[in-house]
$ cat input-v7.cif   # mmCIF, C-alpha atoms
data_final
#
loop_
_atom_site.label_atom_id
_atom_site.label_comp_id
_atom_site.auth_asym_id
_atom_site.auth_seq_id
_atom_site.Cartn_x
_atom_site.Cartn_y
_atom_site.Cartn_z
CA MET G 1 32.60 -57.14 -98.05
CA ALA G 2 30.33 -56.43 -95.21
CA ARG G 3 30.03 -52.87 -94.08
CA THR G 4 30.85 -52.41 -90.43
CA THR G 5 28.69 -49.94 -88.62
CA HIS G 6 30.65 -47.79 -86.19
CA LYS G 7 28.79 -46.66 -83.11
CA GLU G 8 29.88 -43.46 -81.50
CA PRO G 9 30.47 -43.77 -77.76
CA TRP G 10 28.20 -41.81 -75.39
CA PRO G 11 29.71 -38.51 -74.47
CA ARG G 12 30.60 -38.19 -70.80
CA SER G 13 28.29 -35.19 -70.36
CA ALA G 14 25.39 -37.32 -71.43
CA ILE G 15 26.28 -40.27 -69.25
CA LEU G 16 26.25 -38.36 -65.95
CA PRO G 17 22.68 -37.01 -66.20
CA MET G 18 21.40 -40.42 -67.14
CA ILE G 19 22.61 -41.97 -63.88
CA PRO G 20 19.97 -40.42 -61.56
CA ILE G 21 17.28 -40.88 -64.16
CA SER G 22 18.01 -44.54 -64.40
CA PHE G 23 18.07 -44.68 -60.65
CA LEU G 24 14.75 -42.85 -60.16
CA GLN G 25 13.09 -44.97 -62.77
CA PRO G 26 14.23 -48.51 -62.00
CA LYS G 27 13.16 -51.16 -64.35
CA LYS G 28 13.10 -53.94 -61.95
CA ALA G 29 10.40 -54.47 -59.31
CA LYS G 30 12.80 -54.99 -56.40
CA TYR G 31 14.50 -51.67 -57.13
CA ARG G 32 11.09 -49.94 -57.25
CA SER G 33 10.12 -51.35 -53.83
CA THR G 34 13.39 -50.28 -52.30
CA LEU G 35 12.90 -46.76 -53.65
CA ILE G 36 9.39 -46.51 -52.16
CA VAL G 37 10.55 -47.65 -48.73
CA LEU G 38 13.47 -45.24 -48.80
CA THR G 39 11.21 -42.35 -49.81
CA ALA G 40 8.78 -43.17 -46.99
CA LEU G 41 11.58 -43.19 -44.43
CA ILE G 42 12.81 -39.80 -45.66
CA CYS G 43 9.30 -38.32 -45.39
CA LEU G 44 8.78 -39.63 -41.86
CA SER G 45 12.14 -38.32 -40.75
CA THR G 46 11.37 -34.89 -42.21
CA TYR G 47 7.98 -34.80 -40.44
CA PHE G 48 9.30 -35.65 -36.98
CA LEU G 49 12.41 -33.49 -37.21
CA ILE G 50 11.05 -30.38 -38.93
CA LEU G 51 7.28 -30.19 -39.20
CA ARG G 52 6.15 -31.60 -35.85
CA PRO G 53 7.73 -28.88 -33.60
CA SER G 54 5.89 -26.20 -35.58
CA ILE G 55 2.45 -27.59 -34.77
CA SER G 56 0.33 -24.88 -33.17
CA PRO G 57 -1.11 -25.26 -29.65
CA SER G 58 -4.61 -25.45 -31.07
CA GLN G 59 -3.62 -28.37 -33.31
CA ASP G 60 -1.97 -30.04 -30.35
CA MET G 61 -5.13 -29.57 -28.25
CA LEU G 62 -7.23 -30.95 -31.10
CA ARG G 63 -4.96 -33.98 -31.36
CA ASN G 64 -5.34 -34.49 -27.59
CA GLY G 65 -9.10 -34.54 -27.89
CA ILE G 66 -9.88 -31.08 -26.40
CA PRO G 67 -13.15 -29.70 -27.85
CA ALA G 68 -12.98 -26.69 -30.14
CA VAL G 69 -14.97 -24.48 -27.73
CA ASP G 70 -12.51 -25.20 -24.93
CA GLN G 71 -9.61 -24.57 -27.28
CA PHE G 72 -10.98 -21.11 -28.06
CA ALA G 73 -11.47 -20.30 -24.39
CA ILE G 74 -7.93 -21.40 -23.53
CA THR G 75 -6.44 -19.41 -26.41
CA LEU G 76 -8.44 -16.29 -25.47
CA GLU G 77 -7.30 -16.56 -21.86
CA ASN G 78 -3.66 -16.87 -22.93
CA VAL G 79 -3.96 -13.74 -25.09
CA ARG G 80 -5.65 -11.81 -22.29
CA ASN G 81 -2.96 -12.79 -19.80
CA SER G 82 -0.16 -11.83 -22.15
CA ARG G 83 -1.69 -8.38 -22.75
CA LEU G 84 -2.41 -7.70 -19.09
CA SER G 85 0.80 -9.06 -17.64
CA GLY G 86 2.38 -5.60 -17.36
CA PRO G 87 -0.56 -3.72 -15.75
CA THR G 88 -1.31 -6.69 -13.54
CA GLN G 89 2.18 -6.63 -12.11
CA LYS G 90 1.88 -2.88 -11.56
CA HIS G 91 -1.50 -3.28 -9.87
CA THR G 92 -0.08 -5.97 -7.61
CA LYS G 93 2.74 -3.67 -6.62
CA LEU G 94 0.35 -0.79 -5.86
CA SER G 95 -2.02 -3.00 -3.91
CA ARG G 96 0.74 -3.62 -1.38
CA VAL G 97 0.41 -0.01 -0.26
CA GLY G 98 -1.96 -0.02 2.73
CA LYS G 99 -4.85 2.34 3.40
CA GLN G 100 -4.25 5.39 5.53
CA VAL G 101 -4.88 4.80 9.21
CA ALA G 102 -8.18 6.17 10.51
CA LEU G 103 -8.28 7.99 13.85
CA ASP G 104 -11.19 7.98 16.25
CA GLN G 105 -11.90 11.12 18.29
CA TYR G 106 -9.77 10.03 21.25
CA GLN G 107 -6.81 9.20 18.98
CA GLU G 108 -7.22 12.41 16.99
CA LEU G 109 -7.19 14.49 20.19
CA ALA G 110 -4.04 12.70 21.35
CA ALA G 111 -2.34 13.12 17.95
CA ILE G 112 -3.10 16.85 17.83
CA SER G 113 -2.02 17.36 21.45
CA SER G 114 1.24 15.49 20.82
CA PHE G 115 1.86 17.51 17.66
CA LEU G 116 1.32 20.86 19.41
CA THR G 117 3.52 20.05 22.41
CA SER G 118 6.41 18.47 20.49
CA LEU G 119 7.43 21.88 19.09
CA SER G 120 6.05 25.26 20.13
CA ARG G 121 6.05 26.46 16.53
CA ASN G 122 3.85 23.60 15.29
CA MET G 123 0.59 24.95 13.91
CA ILE G 124 -2.58 23.47 12.45
CA PRO G 125 -2.89 24.69 8.83
CA LEU G 126 -5.64 27.28 8.41
CA SER G 127 -6.88 25.35 5.36
CA VAL G 128 -8.05 22.49 7.61
CA ASP G 129 -11.80 22.05 7.95
CA PRO G 130 -12.36 21.81 11.74
CA SER G 131 -15.74 20.14 11.33
CA VAL G 132 -14.27 16.92 9.89
CA PRO G 133 -11.48 14.57 11.12
CA ILE G 134 -8.05 15.98 10.44
CA ASP G 135 -5.73 14.35 7.92
CA PRO G 136 -3.45 12.12 10.06
CA GLN G 137 -0.46 13.03 7.89
CA LEU G 138 -0.64 16.62 9.17
CA VAL G 139 -0.05 15.72 12.82
CA LEU G 140 1.75 12.36 12.78
CA ASP G 141 5.47 12.01 12.04
CA PHE G 142 5.38 8.49 10.58
CA ASP G 143 4.03 6.77 7.49
CA THR G 144 0.28 6.67 8.09
CA ARG G 145 -0.13 3.99 5.40
CA SER G 146 2.39 1.52 6.76
CA ALA G 147 1.46 -1.84 8.22
CA ARG G 148 2.49 -0.59 11.66
CA ALA G 149 0.53 2.68 11.51
CA ALA G 150 -2.15 1.54 13.98
CA GLU G 151 0.53 0.39 16.42
CA GLU G 152 2.33 3.73 16.10
CA VAL G 153 -0.92 5.61 16.79
CA GLN G 154 -1.47 3.63 19.96
CA HIS G 155 2.05 4.48 21.06
CA ILE G 156 1.36 8.20 20.45
CA VAL G 157 -1.82 8.03 22.55
CA GLU G 158 -0.09 6.37 25.48
CA ASP G 159 3.00 8.58 25.30
CA VAL G 160 1.30 11.98 25.12
CA TRP G 161 -0.93 11.41 28.15
CA GLU G 162 1.91 9.83 30.11
CA ARG G 163 4.06 12.90 29.54
CA ASN G 164 1.13 15.31 29.93
CA PRO G 165 -1.30 13.77 32.45
CA VAL G 166 -2.88 17.18 33.10
CA PHE G 167 -3.54 19.17 29.93
CA LEU G 168 -5.45 22.45 29.64
CA TYR G 169 -6.70 24.05 26.45
CA SER G 170 -7.44 27.55 27.71
CA LYS G 171 -7.96 31.16 26.75
CA LEU G 172 -5.52 33.70 28.06
CA TYR G 173 -8.17 36.31 28.81
CA SER G 174 -10.90 33.94 30.03
CA PRO G 175 -11.95 34.17 33.73
CA ALA G 176 -12.77 30.44 33.77
CA SER G 177 -9.31 29.64 32.40
CA ARG G 178 -7.63 31.76 35.06
CA GLU G 179 -9.64 29.98 37.78
CA ILE G 180 -8.61 26.51 36.56
CA LYS G 181 -4.98 27.60 36.32
CA ALA G 182 -5.13 28.79 39.94
CA ILE G 183 -6.57 25.46 41.11
CA LEU G 184 -3.82 23.53 39.34
CA ALA G 185 -1.09 25.85 40.60
CA LYS G 186 -2.00 25.09 44.21
CA MET G 187 -1.51 21.34 43.61
CA ASN G 188 2.20 21.67 42.75
CA LEU G 189 1.99 18.84 40.22
CA GLN G 190 4.85 16.89 38.70
CA PRO G 191 4.98 16.84 35.75
CA SER G 192 3.62 20.35 35.62
CA PRO G 193 0.27 20.88 33.85
CA THR G 194 0.61 21.56 30.13
CA ILE G 195 -1.30 24.68 29.11
CA ILE G 196 -2.04 25.93 25.60
CA ASP G 197 -3.64 29.37 25.37
CA VAL G 198 -5.53 28.80 22.16
CA ASP G 199 -6.85 32.33 21.67
CA ILE G 200 -3.39 33.86 21.19
CA ARG G 201 -2.20 31.32 18.64
CA ASP G 202 -2.04 31.92 14.90
CA ASP G 203 -4.10 28.77 14.29
CA ALA G 204 -6.81 29.66 16.86
CA LYS G 205 -9.43 29.92 14.11
CA VAL G 206 -9.20 26.19 13.36
CA LEU G 207 -7.77 24.81 16.61
CA GLU G 208 -10.54 25.99 18.92
CA PRO G 209 -13.42 24.40 16.93
CA ILE G 210 -11.37 21.21 16.56
CA ILE G 211 -10.92 20.93 20.35
CA ARG G 212 -14.62 21.64 20.92
CA ARG G 213 -15.56 18.94 18.39
CA LEU G 214 -13.24 16.32 19.86
CA THR G 215 -14.23 16.96 23.49
CA SER G 216 -17.93 17.70 22.93
CA SER G 217 -17.42 21.00 24.72
CA LEU G 218 -19.37 24.17 24.02
CA GLU G 219 -16.43 26.47 24.70
CA LEU G 220 -12.93 26.71 26.13
CA PRO G 221 -11.33 26.10 28.58
CA VAL G 222 -11.14 22.31 28.35
CA LEU G 223 -9.29 20.42 31.08
CA LEU G 224 -7.99 16.97 30.15
CA ILE G 225 -6.86 14.47 32.78
CA GLY G 226 -5.33 11.36 31.33
CA GLY G 227 -6.61 12.51 27.93
CA LYS G 228 -10.24 12.68 29.04
CA PRO G 229 -12.20 15.94 29.30
CA ILE G 230 -13.43 16.67 32.84
CA GLY G 231 -16.30 19.00 32.05
CA SER G 232 -17.32 22.59 32.54
CA ILE G 233 -15.88 25.00 35.10
CA GLU G 234 -18.85 24.26 37.39
CA GLU G 235 -18.10 20.51 37.31
CA ILE G 236 -14.43 21.16 37.97
CA ARG G 237 -15.29 23.21 41.04
CA VAL G 238 -17.43 20.39 42.43
CA LEU G 239 -14.69 17.80 41.79
CA GLU G 240 -12.08 20.05 43.42
CA ARG G 241 -14.13 20.62 46.57
CA SER G 242 -14.95 16.90 46.94
CA GLY G 243 -11.36 15.81 46.49
CA GLU G 244 -12.24 13.74 43.40
CA LEU G 245 -10.17 15.99 41.18
CA HIS G 246 -7.03 15.13 43.18
CA LYS G 247 -7.78 11.41 42.88
CA MET G 248 -8.30 11.66 39.12
CA ILE G 249 -5.06 13.55 38.65
CA LYS G 250 -3.10 11.08 40.78
CA SER G 251 -4.64 8.16 38.88
CA ALA G 252 -3.50 9.75 35.59
CA GLY G 253 0.12 9.61 36.78
CA ALA G 254 0.78 13.11 38.11
CA VAL G 255 2.46 13.52 41.48
CA PHE G 256 1.77 16.25 44.05
CA ASP G 257 5.18 17.76 44.59
CA SER G 258 6.98 20.97 45.44
CA PRO G 259 5.86 24.15 43.62
CA LYS G 260 6.71 24.12 39.90
CA LYS G 261 6.01 26.53 37.12
CA MET G 262 3.45 25.36 34.61
CA HIS G 263 4.60 24.68 31.01
CA ARG G 264 3.22 27.13 28.52
CA HIS G 265 3.06 26.57 24.76
#

$ encode --input "input-v7.cif" --output "C-alpha coordinates"
Amino acid sequence: MARTTHKEPWPRSAILPMIPISFLQPKKAKYRSTLIVLTALICLSTYFLILRPSISPSQDMLRNGIPAVDQFAITLENVRNSRLSGPTQKHTKLSRVGKQVALDQYQELAAISSFLTSLSRNMIPLSVDPSVPIDPQLVLDFDTRSARAAEEVQHIVEDVWERNPVFLYSKLYSPASREIKAILAKMNLQPSPTIIDVDIRDDAKVLEPIIRRLTSSLELPVLLIGGKPIGSIEEIRVLERSGELHKMIKSAGAVFDSPKKMHRH
(Lines of atoms letter the chains of each structure in order from A and count residues from 1; the text may use other names and numbers.)
(Lines give C-alpha, C1' and ligand atoms only; values in the text may rest on other atoms or scores of the structure.)
Protein backbone atom coordinates (compact mmCIF):
# COMPACT_ATOMS: atom_id res chain seq x y z
CA MET A 1 0.00 0.00 0.00
CA ALA A 2 1.46 3.22 -1.13
CA ARG A 3 2.29 5.76 1.50
CA THR A 4 0.59 9.07 0.92
CA THR A 5 2.68 12.08 1.72
CA HIS A 6 0.69 14.81 3.44
CA LYS A 7 1.81 18.35 2.73
CA GLU A 8 1.12 20.94 5.35
CA PRO A 9 -0.57 24.06 3.99
CA TRP A 10 1.32 27.37 4.12
CA PRO A 11 0.47 29.31 7.20
CA ARG A 12 -1.33 32.58 6.52
CA SER A 13 1.42 34.61 8.21
CA ALA A 14 3.89 33.25 5.74
CA ILE A 15 1.72 33.82 2.71
CA LEU A 16 1.27 37.57 3.23
CA PRO A 17 4.98 38.51 3.29
CA MET A 18 5.60 36.46 0.20
CA ILE A 19 3.16 38.52 -1.88
CA PRO A 20 5.32 41.68 -2.21
CA ILE A 21 8.45 39.61 -2.63
CA SER A 22 6.94 37.76 -5.50
CA PHE A 23 5.78 41.05 -6.90
CA LEU A 24 9.16 42.79 -6.60
CA GLN A 25 10.93 39.86 -8.11
CA PRO A 26 8.78 38.88 -11.09
CA LYS A 27 9.79 35.85 -12.96
CA LYS A 28 8.48 36.86 -16.25
CA ALA A 29 10.09 39.44 -18.53
CA LYS A 30 6.91 41.43 -19.17
CA TYR A 31 6.36 41.88 -15.44
CA ARG A 32 9.97 43.05 -15.04
CA SER A 33 9.55 45.68 -17.78
CA THR A 34 6.34 46.95 -16.27
CA LEU A 35 8.04 47.30 -12.88
CA ILE A 36 10.93 49.31 -14.37
CA VAL A 37 8.59 51.71 -16.15
CA LEU A 38 6.50 52.17 -13.03
CA THR A 39 9.58 52.84 -10.92
CA ALA A 40 10.83 55.43 -13.43
CA LEU A 41 7.50 57.24 -13.38
CA ILE A 42 7.54 57.35 -9.57
CA CYS A 43 11.07 58.79 -9.56
CA LEU A 44 10.23 61.49 -12.10
CA SER A 45 7.11 62.47 -10.20
CA THR A 46 9.08 62.72 -6.95
CA TYR A 47 11.74 64.90 -8.63
CA PHE A 48 9.31 67.42 -10.12
CA LEU A 49 7.03 67.59 -7.09
CA ILE A 50 9.54 67.58 -4.24
CA LEU A 51 13.17 68.04 -5.25
CA ARG A 52 12.90 70.64 -8.02
CA PRO A 53 11.46 73.52 -5.88
CA SER A 54 14.39 73.17 -3.48
CA ILE A 55 17.00 73.89 -6.13
CA SER A 56 19.17 76.80 -5.03
CA PRO A 57 19.40 80.03 -7.07
CA SER A 58 23.00 79.27 -7.93
CA GLN A 59 22.01 75.88 -9.38
CA ASP A 60 19.23 77.56 -11.30
CA MET A 61 21.67 80.16 -12.68
CA LEU A 62 24.08 77.39 -13.62
CA ARG A 63 21.32 75.51 -15.41
CA ASN A 64 20.47 78.74 -17.30
CA GLY A 65 24.02 79.08 -18.51
CA ILE A 66 25.16 81.98 -16.26
CA PRO A 67 28.94 81.80 -15.65
CA ALA A 68 30.18 80.98 -12.17
CA VAL A 69 31.87 84.38 -11.74
CA ASP A 70 28.62 86.17 -12.50
CA GLN A 71 26.76 83.86 -10.16
CA PHE A 72 29.10 84.83 -7.32
CA ALA A 73 28.70 88.53 -8.05
CA ILE A 74 24.90 88.25 -8.10
CA THR A 75 24.84 86.25 -4.87
CA LEU A 76 27.18 88.73 -3.13
CA GLU A 77 25.03 91.65 -4.23
CA ASN A 78 21.89 89.95 -2.90
CA VAL A 79 23.56 89.38 0.48
CA ARG A 80 24.78 92.97 0.64
CA ASN A 81 21.34 94.34 -0.17
CA SER A 82 19.66 92.16 2.43
CA ARG A 83 22.09 93.33 5.14
CA LEU A 84 21.87 96.99 4.23
CA SER A 85 18.15 97.20 3.62
CA GLY A 86 17.46 98.62 7.09
CA PRO A 87 20.18 101.33 7.19
CA THR A 88 19.51 102.19 3.57
CA GLN A 89 15.88 102.92 4.31
CA LYS A 90 16.93 105.02 7.31
CA HIS A 91 19.47 106.92 5.23
CA THR A 92 16.84 107.59 2.58
CA LYS A 93 14.52 108.96 5.21
CA LEU A 94 17.21 111.24 6.66
CA SER A 95 18.31 112.46 3.25
CA ARG A 96 14.88 114.00 2.76
CA VAL A 97 15.75 116.56 5.43
CA GLY A 98 17.08 119.62 3.59
CA LYS A 99 20.14 121.68 4.45
CA GLN A 100 19.72 124.76 6.59
CA VAL A 101 19.11 127.91 4.59
CA ALA A 102 22.13 130.19 4.22
CA LEU A 103 21.70 133.95 4.63
CA ASP A 104 23.71 136.57 2.81
CA GLN A 105 24.55 139.82 4.62
CA TYR A 106 21.46 141.66 3.37
CA GLN A 107 19.17 138.79 4.42
CA GLU A 108 20.91 138.42 7.78
CA LEU A 109 20.47 142.14 8.50
CA ALA A 110 16.78 141.90 7.61
CA ALA A 111 16.28 138.76 9.72
CA ILE A 112 17.93 140.33 12.77
CA SER A 113 16.02 143.60 12.34
CA SER A 114 12.72 141.71 12.02
CA PHE A 115 13.55 139.63 15.09
CA LEU A 116 14.38 142.67 17.24
CA THR A 117 11.27 144.65 16.23
CA SER A 118 8.77 141.80 16.50
CA LEU A 119 9.06 141.79 20.31
CA SER A 120 10.86 144.36 22.44
CA ARG A 121 12.19 141.64 24.73
CA ASN A 122 13.88 139.71 21.91
CA MET A 123 17.63 139.58 22.46
CA ILE A 124 20.62 138.19 20.59
CA PRO A 125 22.24 135.51 22.81
CA LEU A 126 25.54 136.67 24.29
CA SER A 127 27.10 133.35 23.23
CA VAL A 128 26.83 134.37 19.56
CA ASP A 129 30.10 135.12 17.78
CA PRO A 130 29.47 138.50 16.08
CA SER A 131 32.31 138.00 13.62
CA VAL A 132 30.58 135.13 11.79
CA PRO A 133 27.06 134.78 10.26
CA ILE A 134 24.43 134.19 12.88
CA ASP A 135 22.60 130.87 13.10
CA PRO A 136 19.32 131.47 11.19
CA GLN A 137 17.40 129.41 13.74
CA LEU A 138 18.08 132.08 16.39
CA VAL A 139 16.27 134.87 14.54
CA LEU A 140 13.79 133.14 12.22
CA ASP A 141 10.48 131.71 13.43
CA PHE A 142 10.11 128.95 10.82
CA ASP A 143 11.83 125.70 9.92
CA THR A 144 15.11 126.82 8.36
CA ARG A 145 15.60 123.37 6.79
CA SER A 146 12.27 123.14 5.02
CA ALA A 147 11.89 123.20 1.26
CA ARG A 148 10.25 126.62 1.52
CA ALA A 149 12.91 128.18 3.77
CA ALA A 150 14.41 130.36 1.01
CA GLU A 151 10.94 131.61 0.08
CA GLU A 152 10.19 132.42 3.72
CA VAL A 153 13.46 134.36 4.03
CA GLN A 154 12.57 136.46 1.01
CA HIS A 155 9.20 137.21 2.57
CA ILE A 156 10.94 138.33 5.80
CA VAL A 157 13.23 140.66 3.85
CA GLU A 158 10.38 142.30 1.98
CA ASP A 159 8.12 142.54 5.02
CA VAL A 160 10.57 144.08 7.49
CA TRP A 161 11.63 146.92 5.19
CA GLU A 162 8.05 147.55 4.09
CA ARG A 163 6.98 147.96 7.70
CA ASN A 164 10.17 149.79 8.68
CA PRO A 165 11.32 151.81 5.64
CA VAL A 166 13.43 154.08 7.87
CA PHE A 167 15.44 152.19 10.49
CA LEU A 168 18.09 153.61 12.81
CA TYR A 169 20.56 151.63 14.89
CA SER A 170 21.74 154.34 17.27
CA LYS A 171 23.38 155.06 20.58
CA LEU A 172 21.36 156.89 23.18
CA TYR A 173 24.25 159.09 24.31
CA SER A 174 25.84 159.65 20.90
CA PRO A 175 25.81 163.23 19.46
CA ALA A 176 25.65 161.84 15.91
CA SER A 177 22.64 159.71 16.85
CA ARG A 178 20.84 162.69 18.35
CA GLU A 179 21.48 164.71 15.18
CA ILE A 180 20.03 162.01 12.92
CA LYS A 181 17.00 161.64 15.18
CA ALA A 182 16.39 165.40 14.92
CA ILE A 183 16.58 165.30 11.11
CA LEU A 184 14.06 162.46 10.96
CA ALA A 185 11.75 164.10 13.48
CA LYS A 186 11.36 167.15 11.27
CA MET A 187 10.17 164.98 8.36
CA ASN A 188 7.06 163.73 10.19
CA LEU A 189 7.29 160.32 8.52
CA GLN A 190 4.59 157.68 8.30
CA PRO A 191 5.31 154.99 9.32
CA SER A 192 7.46 156.57 11.99
CA PRO A 193 11.20 155.77 11.92
CA THR A 194 12.12 152.67 13.91
CA ILE A 195 14.95 153.37 16.35
CA ILE A 196 16.94 150.87 18.40
CA ASP A 197 19.34 152.37 20.95
CA VAL A 198 21.87 149.58 20.92
CA ASP A 199 24.10 150.83 23.74
CA ILE A 200 21.41 150.46 26.41
CA ARG A 201 20.41 146.92 25.47
CA ASP A 202 21.49 143.80 27.33
CA ASP A 203 22.80 142.29 24.09
CA ALA A 204 24.79 145.41 23.07
CA LYS A 205 28.07 143.50 23.35
CA VAL A 206 27.15 141.24 20.42
CA LEU A 207 24.56 143.33 18.58
CA GLU A 208 26.75 146.35 17.88
CA PRO A 209 29.60 144.39 16.20
CA ILE A 210 27.03 142.39 14.22
CA ILE A 211 25.46 145.59 12.83
CA ARG A 212 28.89 147.00 12.00
CA ARG A 213 29.82 143.78 10.19
CA LEU A 214 26.61 143.62 8.18
CA THR A 215 26.64 147.29 7.15
CA SER A 216 30.41 147.72 6.74
CA SER A 217 30.23 150.60 9.18
CA LEU A 218 33.02 151.62 11.54
CA GLU A 219 30.67 152.70 14.32
CA LEU A 220 27.08 153.49 15.22
CA PRO A 221 24.73 155.16 14.38
CA VAL A 222 23.70 153.35 11.21
CA LEU A 223 20.74 154.69 9.24
CA LEU A 224 18.96 152.21 6.98
CA ILE A 225 16.55 153.33 4.26
CA GLY A 226 14.78 150.48 2.56
CA GLY A 227 17.22 148.14 4.30
CA LYS A 228 20.31 149.81 2.84
CA PRO A 229 22.85 151.73 4.94
CA ILE A 230 23.14 155.39 3.95
CA GLY A 231 26.60 156.14 5.28
CA SER A 232 28.29 158.24 7.92
CA ILE A 233 26.81 161.29 9.63
CA GLU A 234 28.72 163.53 7.19
CA GLU A 235 27.13 161.77 4.19
CA ILE A 236 23.70 162.01 5.77
CA ARG A 237 24.12 165.76 6.22
CA VAL A 238 25.01 166.18 2.54
CA LEU A 239 22.02 164.08 1.42
CA GLU A 240 19.69 166.03 3.72
CA ARG A 241 20.83 169.43 2.43
CA SER A 242 20.57 168.35 -1.22
CA GLY A 243 17.10 166.89 -0.81
CA GLU A 244 18.29 163.41 -1.86
CA LEU A 245 17.57 162.02 1.57
CA HIS A 246 13.88 162.93 1.20
CA LYS A 247 13.75 161.23 -2.21
CA MET A 248 15.36 158.07 -0.87
CA ILE A 249 12.97 157.89 2.05
CA LYS A 250 9.93 158.44 -0.19
CA SER A 251 11.19 155.78 -2.61
CA ALA A 252 11.47 153.31 0.30
CA GLY A 253 7.74 153.71 1.00
CA ALA A 254 7.60 156.25 3.82
CA VAL A 255 5.18 159.15 3.59
CA PHE A 256 5.75 162.70 4.86
CA ASP A 257 2.81 163.25 7.15
CA SER A 258 1.68 165.04 10.28
CA PRO A 259 4.02 164.92 13.31
CA LYS A 260 4.30 161.45 14.85
CA LYS A 261 6.33 160.08 17.69
CA MET A 262 9.14 157.77 16.66
CA HIS A 263 8.94 154.09 17.69
CA ARG A 264 11.54 153.11 20.23
CA HIS A 265 12.63 149.54 20.98

$ resolve_selection --input "input-v7.cif" --expression "the PyMOL selection byres ((chain G and resi 224-232) around 6)" --output "PyMOL selection string"
chain G and resi 161+165-167+223+233-235+252

$ resolve_selection --input "input-v7.cif" --expression "the PyMOL selection byres ((chain G and resi 205) around 12)" --output "list in words"
Met123, Ile124, Pro125, Leu126, Ser127, Val128, Asp129, Pro130, Ser131, Val198, Asp199, Ile200, Arg201, Asp202, Asp203, Ala204, Val206, Leu207, Glu208, Pro209, Ile210, Ile211 and Arg212 of chain G

$ atom_distance --input "input-v7.cif" --atom1 "CA of Ile180 in chain G" --atom2 "CA of Val139 in chain G"
27.4 Å

$ atom_distance --input "input-v7.cif" --atom1 "CA of Arg213 in chain G" --atom2 "CA of Ile196 in chain G"
16.8 Å

$ atom_distance --input "input-v7.cif" --atom1 "CA of Ser146 in chain G" --atom2 "CA of Thr215 in chain G"
28.2 Å

$ closest_residue --input "input-v7.cif" --among "G:Ala182, G:Val153, G:Leu38, G:Tyr169" --to "Asp104 in chain G" --atoms "all atoms listed in the file"
G:Val153

$ closest_residue --input "input-v7.cif" --among "G:Asn122, G:Ser242, G:Ser170, G:Gln100" --to "Arg145 in chain G" --atoms "only C-alpha atoms"
G:Gln100

$ resolve_selection --input "input-v7.cif" --expression "the PyMOL selection byres ((chain G and resi 115) around 10)" --output "PDB file with C-alpha atoms, in the frame of the given file"
ATOM      1  CA  LEU G 109      -7.190  14.490  20.190  1.00  0.00           C
ATOM      2  CA  ALA G 110      -4.040  12.700  21.350  1.00  0.00           C
ATOM      3  CA  ALA G 111      -2.340  13.120  17.950  1.00  0.00           C
ATOM      4  CA  ILE G 112      -3.100  16.850  17.830  1.00  0.00           C
ATOM      5  CA  SER G 113      -2.020  17.360  21.450  1.00  0.00           C
ATOM      6  CA  SER G 114       1.240  15.490  20.820  1.00  0.00           C
ATOM      7  CA  LEU G 116       1.320  20.860  19.410  1.00  0.00           C
ATOM      8  CA  THR G 117       3.520  20.050  22.410  1.00  0.00           C
ATOM      9  CA  SER G 118       6.410  18.470  20.490  1.00  0.00           C
ATOM     10  CA  LEU G 119       7.430  21.880  19.090  1.00  0.00           C
ATOM     11  CA  SER G 120       6.050  25.260  20.130  1.00  0.00           C
ATOM     12  CA  ARG G 121       6.050  26.460  16.530  1.00  0.00           C
ATOM     13  CA  ASN G 122       3.850  23.600  15.290  1.00  0.00           C
ATOM     14  CA  MET G 123       0.590  24.950  13.910  1.00  0.00           C
ATOM     15  CA  ILE G 124      -2.580  23.470  12.450  1.00  0.00           C
ATOM     16  CA  LEU G 138      -0.640  16.620   9.170  1.00  0.00           C
ATOM     17  CA  VAL G 139      -0.050  15.720  12.820  1.00  0.00           C
ATOM     18  CA  LEU G 140       1.750  12.360  12.780  1.00  0.00           C
ATOM     19  CA  ASP G 141       5.470  12.010  12.040  1.00  0.00           C
ATOM     20  CA  ILE G 156       1.360   8.200  20.450  1.00  0.00           C
ATOM     21  CA  VAL G 160       1.300  11.980  25.120  1.00  0.00           C
TER      22      VAL G 160
END

$ closest_residue --input "input-v7.cif" --among "G:Ala40, G:Leu214, G:Val222, G:Met187" --to "Leu245 in chain G" --atoms "all atoms listed in the file"
G:Met187

$ closest_residue --input "input-v7.cif" --among "G:Glu151, G:Asp159, G:Asp197, G:Glu240" --to "Tyr173 in chain G" --atoms "all atoms listed in the file"
G:Asp197

$ closest_residue --input "input-v7.cif" --among "G:Thr46, G:Thr39, G:Gln107, G:Thr34" --to "Glu158 in chain G" --atoms "all atoms listed in the file"
G:Gln107
